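First up is the structure itself, then whatever we jot down about it.
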Amino acid sequence: MADPAASAAAQADLLVRSTLHLGSRTAAASGRALATDRPLLGLSDLSLHVAAFPAIPDADYLCNEASWINALSTITRDAGAYISLVYAYRGCCRAIPGLNTSSASSGGSGAATSPTAGSPTTPTSPSDPGADPAARAEFFKLVEQVIKPEVDKMKGLMEFYESAVPSLINVCKDAAAALAGGTRPTDPFMVTLAHAFDMLLVLDALKNVKTSLNNDFTLVYRRSRTLYKASGNDVEIHTLGLFLANKDVLLSKLKAAIPGIPSAVEFLWEFSHALSDRLDRGHYATPRGKFALVKAAAYAMALADPLLVPKTMQLHKWKPDRLSRMFRAHPVVPFYGDLAIETAQILGRTLQIKWDLTPVPGEAAEVAAGSISTGEAGEAALVGAVGMIGTLGGGSAAAITGGELIPIHSVRMRYTDYLAKLALAQDAARRCKDEDMLDAQCRDVFETFVEGLQLVNHLAVLILEMNAYKYTHPTSHGTDSACPETALNYEMAIRFNYRPDEKLALIETLSMVKALAIRLERASIELERAITKHIQCTMYSFQMSLTNMTAHTAKKKKSEVHGLLKALAELASPSTNSSEALTYMASAVVQWALRAAAVKPTGFMKDKELKDTHVAELAGFAHQLYWMDRARNVTATLRETTDLSELWFKEFYLELSKTIQFPIETSLPWILIEKLMEPGAVDLTSSLFVPFAIYDDAAQRALRGLKMEYLYEEIESEANLALDLFLFKFTEKVFKAYKCRAASDLFPTLYKTKFDKNALLDGVFHQYEEILDHYDTISILGRTIQLRQVFAQWMNLTFRDSLRAIISRFESMDITGIVELDVLLRIARLTHTLLHQRLPGMDEFDDILAEVDESLVAHGRIVSHLAAELTLDFCLQFAYNAVTERFIRCPIKMTEGNGVHAGRAAAKQHRQEYLFGNKALAGAYTAQLSPCLLFVGKHHFDAIVRVLGPRIPVLFGQIVTSFEERVGDKLTPYIWALCKEFPSNLHLPNLDAGVVMTFNYFQVTLKAALAFKDLTTVFQTLREMGNLFACVRLLELSMIAEDVLDAFTYSKVFDAARELERAYKLPPLPADFYATGAPGSGQALAFSRMFLLHMYPMMQSVQAVWSEGLPPSTSYDTSRELYRVASFLQFSFCSGSQYTKGHTCREVFGDGVAWALGLLLCWTRQLEVFSALDFTFHVCHAGKIHGVPNGPIPAISADGSTGAGGALHVTLPDFIAIGEYYRALMAFIGRFYRATVASGGAVDQFAGPGSPEISITEGGMMVGESGPPVATGVGAGTDASGKPVSLYDGADGAGNPRRLSAIGSFAAQ
């Protein structure tokens, strides 16, 4: 009968072998991946593997060690869960309303204090001692229910401490016993133990620093139970209180239990050196794996300190030099989250060994490069089996010795070289087919890929070491004046602790890590066939080497290595499907073989069991075996390597500062984002959104690692805020750059040579172009954001803000600001054109302007302000010059205007980027536009036409309405009064009397009228009317020059008409509809003609009002028609007034008065008779005949009260010069009126007396008019046949025409 045990072993062997070989369907030559259609067996199934491979020596030990690894993994997993709990724990004291220190029998610093406690107006809180006892007890019972789930977690933590320590001690005891028996623990076990030590060290330290645990338990839970006299297990509560209050509980328990373990000191020493060996070999794929090795080695030395007496050190010939070098190379290591620790702090708990931790320059780089020998030939051969990363320097050790934390120049060079190397490997893989790739090519591809994993790891280590160094070496106000004295601890560690060059280096290195990880993950798909083929070739090649090694060791008697090699040959068979258990057993066998081969033989002439070449092959296989597993799991390896969430977490400093959250200005990701937006970071354009990856890492860790939803929500909120702030600030910078470019392009080329060099910002402009072209979508926290679309939305908002500022600035200015408004709008339009090329999703500029200007629902802010300025300030305060066609502000403020009635807004300070772009451009444009603020002329009306476009008729309507109001409400009463008070009999004196007597005659006769108290108001009203019509005329001239109405109105109107025809199938409009107002027709732009024709019926109606109640005139001498009043007004205007304060009336009121009088006379058909019988013209004619004496006109009364309102303010020559000017101007007005009304056209510009275009004849008419002046209007003289009669008869001796002496007889004809 068969042995049941043997039968079971045979069945297990058959099961495992069939499972291992299932799916193996490819050969090494094909280079394809092995099929894995089954779940891989883990270490928990190691007994099945051991039964399937009976040749493995010490199989029982491997099974035991696998159980130890499982136990340590359980401890590590549970410790990680409690680390997440403790690190993310936040106190409940401040979260419970009504709870304050008065609720407890004794005060405590950790309890929250109600801000209204003790206030006489606040109701008594249930927690106050004076509150109702029943309500107080009920309140604290509710408090206990709220806090009890958290206390249960604390109890779970205490129970874990109680269970983890015995379990860990048992594992260490068994491992120490195996080591004493001659079996050295394997590297997987050592690494698992190191991670367990690391987790327990972190957990113990976190419990020490998190005071909120003890505060919640002591000040809330325990006191609440005491206050309402709850019943329960007081011993358990007391034990939990002691556990939370004590420090270093785990370390104390482990140090107390270590002396009871036989050979514990030898095991811990061997454990520390094994970690140092692994660190030297570079067998760590992630930064946390490397830091765990350093912390675990230091923690092991702290545990072994009671046993590491000098006698034991001398007995075993142990020297701490090698460990000291490792600790010196890593003086600061990241601890957890925002916690960092100095290695000296862990080793400071050792009393027996004095560690030499003084930094040595250059030593850290040697340790990082693995150049320090392990002292053992076999393990030293592992270094350099695959091309290791060259020394880059940097790290905390370099910073302590005065070096750089991140040597960015060497890092950049190494990164660039590797990218070129990776590109060559990818190109080689693309060009060769699977069957054509040589083994050497596959090996180069594999080594290049592993080198990339090492480079990513090293760069991530530099980043985390820099972050840890900043935490352990904060700045202060004494060392950095930029750090305020009131800065928080977190700000001193992060915000004010990074130099600008360190920020740039950190950003660039962070970009390298993320970019290289993406490149490697993508390359792993493309290089998978080459890597798989290399693994297969390596396995086959190693099988051949094992055959030679086995044959060599078979010659030795009692060879320990021979059995190990036979087992290794079976484990490393290419036909065996890989699994975690097989990899573990293979690495253990290789390690034992190398250790056995390294033993020096005893005896004379005895050789080593293995040759040096065999040892090198075993070492190389062990090294490649480690990286083969990492290459297979490249996605998980890169995900863990590039996890840089420590750059965001700040729970420890929140606890330390007793605050809920820090401002975003203190957050490192936002600090880096702000740095990237500075002009000095132009070279890092491609890294613009790399800092947002920190939020991705932190969110991933909060959800998957810490499993805290509220942490994720905080990360999400800050990421959203950071993105909004970034978009806001970056949009403003882009807008400013493009605004500067548009402003510089529109600035006259002649003056650009005087520009400030910083005005154009050429370099930054190209940087923004690259960003807008390169980035289309980004991913943040798993969300894909259409960046260009979002940029377009933000740019729309910025444009709206800019246009609001432009329009608001214009609304605070008078009408002279229209030129600046036109320039600003043209700059904004060009800016929009440039940006729209990069951001097609932006709104149309005209739509944005219409929305901001509010022209969609009303006339618009610009039109309204222009109309208000024209009608309430411009026409009141500006004086028109008909020669220069310009308006200047009068030197005397005649009425309350100047923006008060115009509703002008107060001037505001606007940002430069919203106007001209920057200060230099603003200064240049201000210097260019400043002359336009001194007057209003053609430039201003051209600007009005360009700005308003098709809305000019709205402004025209406002002008017409204002003109009508002034005629009907203001001027008509004064004209009626002047007509009524005008002298009943006033004839023109004979020219023989001379100019002085003629002038005095009019002064004496018009003395009563000249004393009219509201005469200045009449002039002001006429000035307003004349200015309004001058605006209409200049608008028409500007429209003709610019052809704006055709471009803005008719094209849109005609297009809309045709669209309506097509949409609603309407009959086509007549052809003359489209011809009306076409370019060159001269009809659509005839504003002056429209104005004159529109006002004619009104003038006919008010003319009857002016003569209401007056006797009918029978002659020129007794007439009180408008031309007589206008003649008086012009005489008074030319004489001057005491109200003008030393200025002439023309300086104060301008030529608008003459234009208003001339138009009134034209509308009433009295201009010709006015020109013939005007008092001022009569004096001027007398001056031409008799000459003009110099000096002032003598007074004609005792008190000297002559002229308008009193004293005369002009000399007689000045009076005659002004009169001659206005005679020419009136003639021009008549010609303009006839030409405009008759044909709809316009005449040339008035150029004043003596100009070639408008020269004056002896008779006073314009050149081109035949014959002497003829009176053809109302009251004009005619003969019996009705033919007009000249008012001049014959000529004197000098050939000058002579005035009729008897005007009355002329009128009677």
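If you're wondering about the labels, chains in the structure tokens are A, B, ... by order shown, residues count from 1 in each chain, ligands from 1 in order shown.
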
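Residues in contact range of Ala805 in chain A, defined as at most 8 Å between only C-alpha atoms, with sequence neighbours fewer than 2 positions away removed, read A:Asp801, A:Ser802, A:Leu803, A:Ile807, A:Ser808, A:Arg809, A:His910, A:Tyr914, A:Leu915.
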
Kindly export the residues of the current selection with N, CA, C and O atoms, as an mmCIF file, in the first residue's frame.
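Just written: out-v3.cif:
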```cif
data_model
loop_
_atom_site.group_PDB
_atom_site.id
_atom_site.type_symbol
_atom_site.label_atom_id
_atom_site.label_comp_id
_atom_site.auth_asym_id
_atom_site.auth_seq_id
_atom_site.Cartn_x
_atom_site.Cartn_y
_atom_site.Cartn_z
ATOM 1 N N ASP A 801 -14.372 93.766 -18.973
ATOM 2 C CA ASP A 801 -13.822 94.658 -17.943
ATOM 3 C C ASP A 801 -13.016 95.784 -18.576
ATOM 4 O O ASP A 801 -13.078 96.935 -18.127
ATOM 5 N N SER A 802 -12.246 95.452 -19.603
ATOM 6 C CA SER A 802 -11.445 96.477 -20.265
ATOM 7 C C SER A 802 -12.322 97.528 -20.927
ATOM 8 O O SER A 802 -12.078 98.738 -20.789
ATOM 9 N N LEU A 803 -13.353 97.082 -21.638
ATOM 10 C CA LEU A 803 -14.236 98.044 -22.295
ATOM 11 C C LEU A 803 -15.024 98.857 -21.281
ATOM 12 O O LEU A 803 -15.311 100.038 -21.519
ATOM 13 N N ILE A 807 -14.881 102.854 -21.354
ATOM 14 C CA ILE A 807 -16.079 103.693 -21.424
ATOM 15 C C ILE A 807 -16.235 104.516 -20.154
ATOM 16 O O ILE A 807 -16.627 105.692 -20.194
ATOM 17 N N SER A 808 -15.927 103.904 -19.001
ATOM 18 C CA SER A 808 -16.003 104.657 -17.746
ATOM 19 C C SER A 808 -15.023 105.821 -17.738
ATOM 20 O O SER A 808 -15.335 106.909 -17.239
ATOM 21 N N ARG A 809 -13.843 105.603 -18.289
ATOM 22 C CA ARG A 809 -12.865 106.695 -18.372
ATOM 23 C C ARG A 809 -13.401 107.804 -19.273
ATOM 24 O O ARG A 809 -13.247 108.987 -18.968
ATOM 25 N N HIS A 910 -7.976 103.488 -13.310
ATOM 26 C CA HIS A 910 -8.129 102.221 -14.011
ATOM 27 C C HIS A 910 -6.771 101.577 -14.224
ATOM 28 O O HIS A 910 -5.739 102.253 -14.283
ATOM 29 N N TYR A 914 -5.915 97.585 -18.926
ATOM 30 C CA TYR A 914 -7.241 97.763 -19.484
ATOM 31 C C TYR A 914 -7.297 98.927 -20.470
ATOM 32 O O TYR A 914 -8.261 99.026 -21.242
ATOM 33 N N LEU A 915 -6.285 99.799 -20.452
ATOM 34 C CA LEU A 915 -6.307 100.975 -21.310
ATOM 35 C C LEU A 915 -5.287 100.829 -22.438
ATOM 36 O O LEU A 915 -5.608 100.348 -23.510
#
```

If we count only C-alpha atoms and set the cut-off at 8 Å, which residues sit around range 544-550 of chain A, ignoring sequence neighbours fewer than 6 positions away in its own chain? Please answer as a PyMOL selection string. chain A and resi 562+565-566+569+610+614+617

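For the pair CA of Phe728 in chain A and CA of Trp794 in chain A, the interatomic distance is 6.9 Å.
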
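Closest approach to Ala298 in chain A from the set A:Arg804, A:Arg349, A:Lys514, A:Lys253 is made by A:Arg349, with distances taken over only C-alpha atoms.
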
Would you mind telling me which residue in A:Lys736, A:Leu293, A:Thr685, A:Lys311 lies nearest to Phe327 in chain A when using only C-alpha atoms? A:Leu293

For Ala719 in chain A, which of A:Thr753, A:Asn70, A:Ser667, A:Ser167 is the closest residue, counting only C-alpha atoms? A:Ser667

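For the choices A:Gly452, A:Cys890, A:Arg826, A:Ile778, the atom-to-atom distance to Ala420 in chain A is smallest for A:Gly452 when using only C-alpha atoms.
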
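For the residues A:Leu1110, A:Phe649, A:Pro1213, A:Gly91, ranking by smallest atom-to-atom distance to Leu706 in chain A using only C-alpha atoms places A:Phe649 first.
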
Which residues, written as a PyMOL selection string, have at least one atom at most 10 Å from range 399-404 of chain A, with only C-alpha atoms counted and residues fewer than 3 positions away on the same chain left out? chain A and resi 331-332+358-362+393-396+407-408+466+469+502+505

Those selected residues, please, written with C-alpha atoms and delivered as a PDB file, in the first residue's frame.
```
ATOM      1  CA  PRO A 331      20.769  63.514   6.884  1.00  0.00           C
ATOM      2  CA  VAL A 332      17.118  64.436   6.237  1.00  0.00           C
ATOM      3  CA  THR A 358      29.348  65.313  10.210  1.00  0.00           C
ATOM      4  CA  PRO A 359      28.738  65.858   6.468  1.00  0.00           C
ATOM      5  CA  VAL A 360      31.612  65.142   4.136  1.00  0.00           C
ATOM      6  CA  PRO A 361      31.490  66.957   0.778  1.00  0.00           C
ATOM      7  CA  GLY A 362      31.132  64.561  -2.132  1.00  0.00           C
ATOM      8  CA  GLY A 393      24.674  65.102  -6.659  1.00  0.00           C
ATOM      9  CA  GLY A 394      22.170  67.210  -4.805  1.00  0.00           C
ATOM     10  CA  GLY A 395      19.947  66.180  -1.941  1.00  0.00           C
ATOM     11  CA  SER A 396      19.882  67.243   1.688  1.00  0.00           C
ATOM     12  CA  PRO A 407      21.759  70.472  -9.258  1.00  0.00           C
ATOM     13  CA  ILE A 408      19.576  71.533 -12.130  1.00  0.00           C
ATOM     14  CA  MET A 466      14.263  69.208  -1.044  1.00  0.00           C
ATOM     15  CA  TYR A 469      14.951  69.770   3.945  1.00  0.00           C
ATOM     16  CA  GLU A 502      15.004  76.762  -6.162  1.00  0.00           C
ATOM     17  CA  ALA A 505      14.628  74.074 -10.328  1.00  0.00           C
TER      18      ALA A 505
END
```

Would you mind listing, for every residue of range 299-349 of chain A within 10 Å of range 634-646 of chain A, the two atoms forming the shortest contact and the distance between them in Å to one decimal, using only C-alpha atoms, sorted by chain and ascending residue number, as a tab-separated table?
```
residue	atom	partner	partner_atom	distance
A:Pro334	CA	A:Glu646	CA	8.5
A:Phe335	CA	A:Glu646	CA	9.6
A:Tyr336	CA	A:Glu646	CA	7.5
A:Gly337	CA	A:Glu646	CA	4.8
A:Asp338	CA	A:Glu646	CA	5.9
A:Leu339	CA	A:Glu646	CA	8.7
```

Which of A:Leu856, A:Met199, A:Ala1008, A:Leu72 sits closest to Ser1132 in chain A [using only C-alpha atoms]: A:Ala1008

Would you list the contacts of Lys1184 in chain A as a VMD selection string, taking every protein, DNA or RNA residue within 9 Å and counting only C-alpha atoms, but skipping same-chain residues closer than 4 positions in sequence? chain A and resid 995 1179 to 1180 1188 1296

Can you spit out the residues from that selection as a CSV table (one decimal), in the first residue's frame, using C-alpha atoms?
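part29.csv, written as the output of this step:
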```csv
chain,number,residue,atom,x,y,z
A,995,VAL,CA,-16.7,157.0,-38.6
A,1179,VAL,CA,-19.6,151.8,-39.3
A,1180,CYS,CA,-17.1,149.6,-41.1
A,1188,VAL,CA,-10.1,154.8,-38.7
A,1296,ASN,CA,-15.9,154.2,-53.3
```

Applying 12 Å and only C-alpha atoms, which residues near Pro310 in chain A remain after dropping the ones on its own chain fewer than 2 positions away? List them as a list in words. Asp305, Pro306, Leu307, Leu308, Thr312, Met313, Gln314, Leu315, His316, Lys317, Trp318, Lys319, Pro320, Leu351, Gln352, Ile353 and Lys354 of chain A

Just to be explicit: take each residue in the selection above, keep N, CA and C atoms, and write the result as a compact mmCIF listing (two decimals), in the first residue's frame.
```
# COMPACT_ATOMS: atom_id res chain seq x y z
N ASP A 305 20.40 49.44 20.61
CA ASP A 305 21.32 50.24 21.42
C ASP A 305 21.62 49.63 22.79
N PRO A 306 20.65 49.08 23.53
CA PRO A 306 21.03 48.52 24.85
C PRO A 306 22.03 47.37 24.76
N LEU A 307 22.09 46.69 23.62
CA LEU A 307 22.95 45.52 23.50
C LEU A 307 24.26 45.82 22.77
N LEU A 308 24.32 47.00 22.11
CA LEU A 308 25.52 47.32 21.35
C LEU A 308 26.57 47.95 22.26
N THR A 312 30.79 43.91 22.88
CA THR A 312 30.17 43.14 21.81
C THR A 312 30.67 43.61 20.45
N MET A 313 30.86 44.90 20.28
CA MET A 313 31.36 45.43 19.02
C MET A 313 32.77 44.90 18.74
N GLN A 314 33.60 44.87 19.75
CA GLN A 314 34.96 44.37 19.57
C GLN A 314 34.97 42.87 19.32
N LEU A 315 34.07 42.15 19.97
CA LEU A 315 34.03 40.70 19.83
C LEU A 315 33.69 40.30 18.40
N HIS A 316 32.73 40.98 17.81
CA HIS A 316 32.32 40.67 16.45
C HIS A 316 33.06 41.48 15.39
N LYS A 317 33.97 42.34 15.85
CA LYS A 317 34.73 43.19 14.94
C LYS A 317 33.80 44.04 14.08
N TRP A 318 32.77 44.58 14.74
CA TRP A 318 31.83 45.44 14.03
C TRP A 318 32.32 46.88 14.06
N LYS A 319 32.15 47.55 12.92
CA LYS A 319 32.50 48.96 12.82
C LYS A 319 31.33 49.70 12.21
N PRO A 320 30.99 50.83 12.82
CA PRO A 320 29.80 51.57 12.32
C PRO A 320 30.12 52.52 11.18
N LEU A 351 22.68 55.36 22.93
CA LEU A 351 23.65 55.86 23.91
C LEU A 351 24.99 55.15 23.83
N GLN A 352 25.00 53.94 23.28
CA GLN A 352 26.21 53.15 23.27
C GLN A 352 27.15 53.53 22.13
N ILE A 353 26.60 53.91 20.98
CA ILE A 353 27.41 54.24 19.81
C ILE A 353 27.32 55.73 19.54
N LYS A 354 28.45 56.33 19.34
CA LYS A 354 28.52 57.74 18.97
C LYS A 354 28.70 57.82 17.45
```
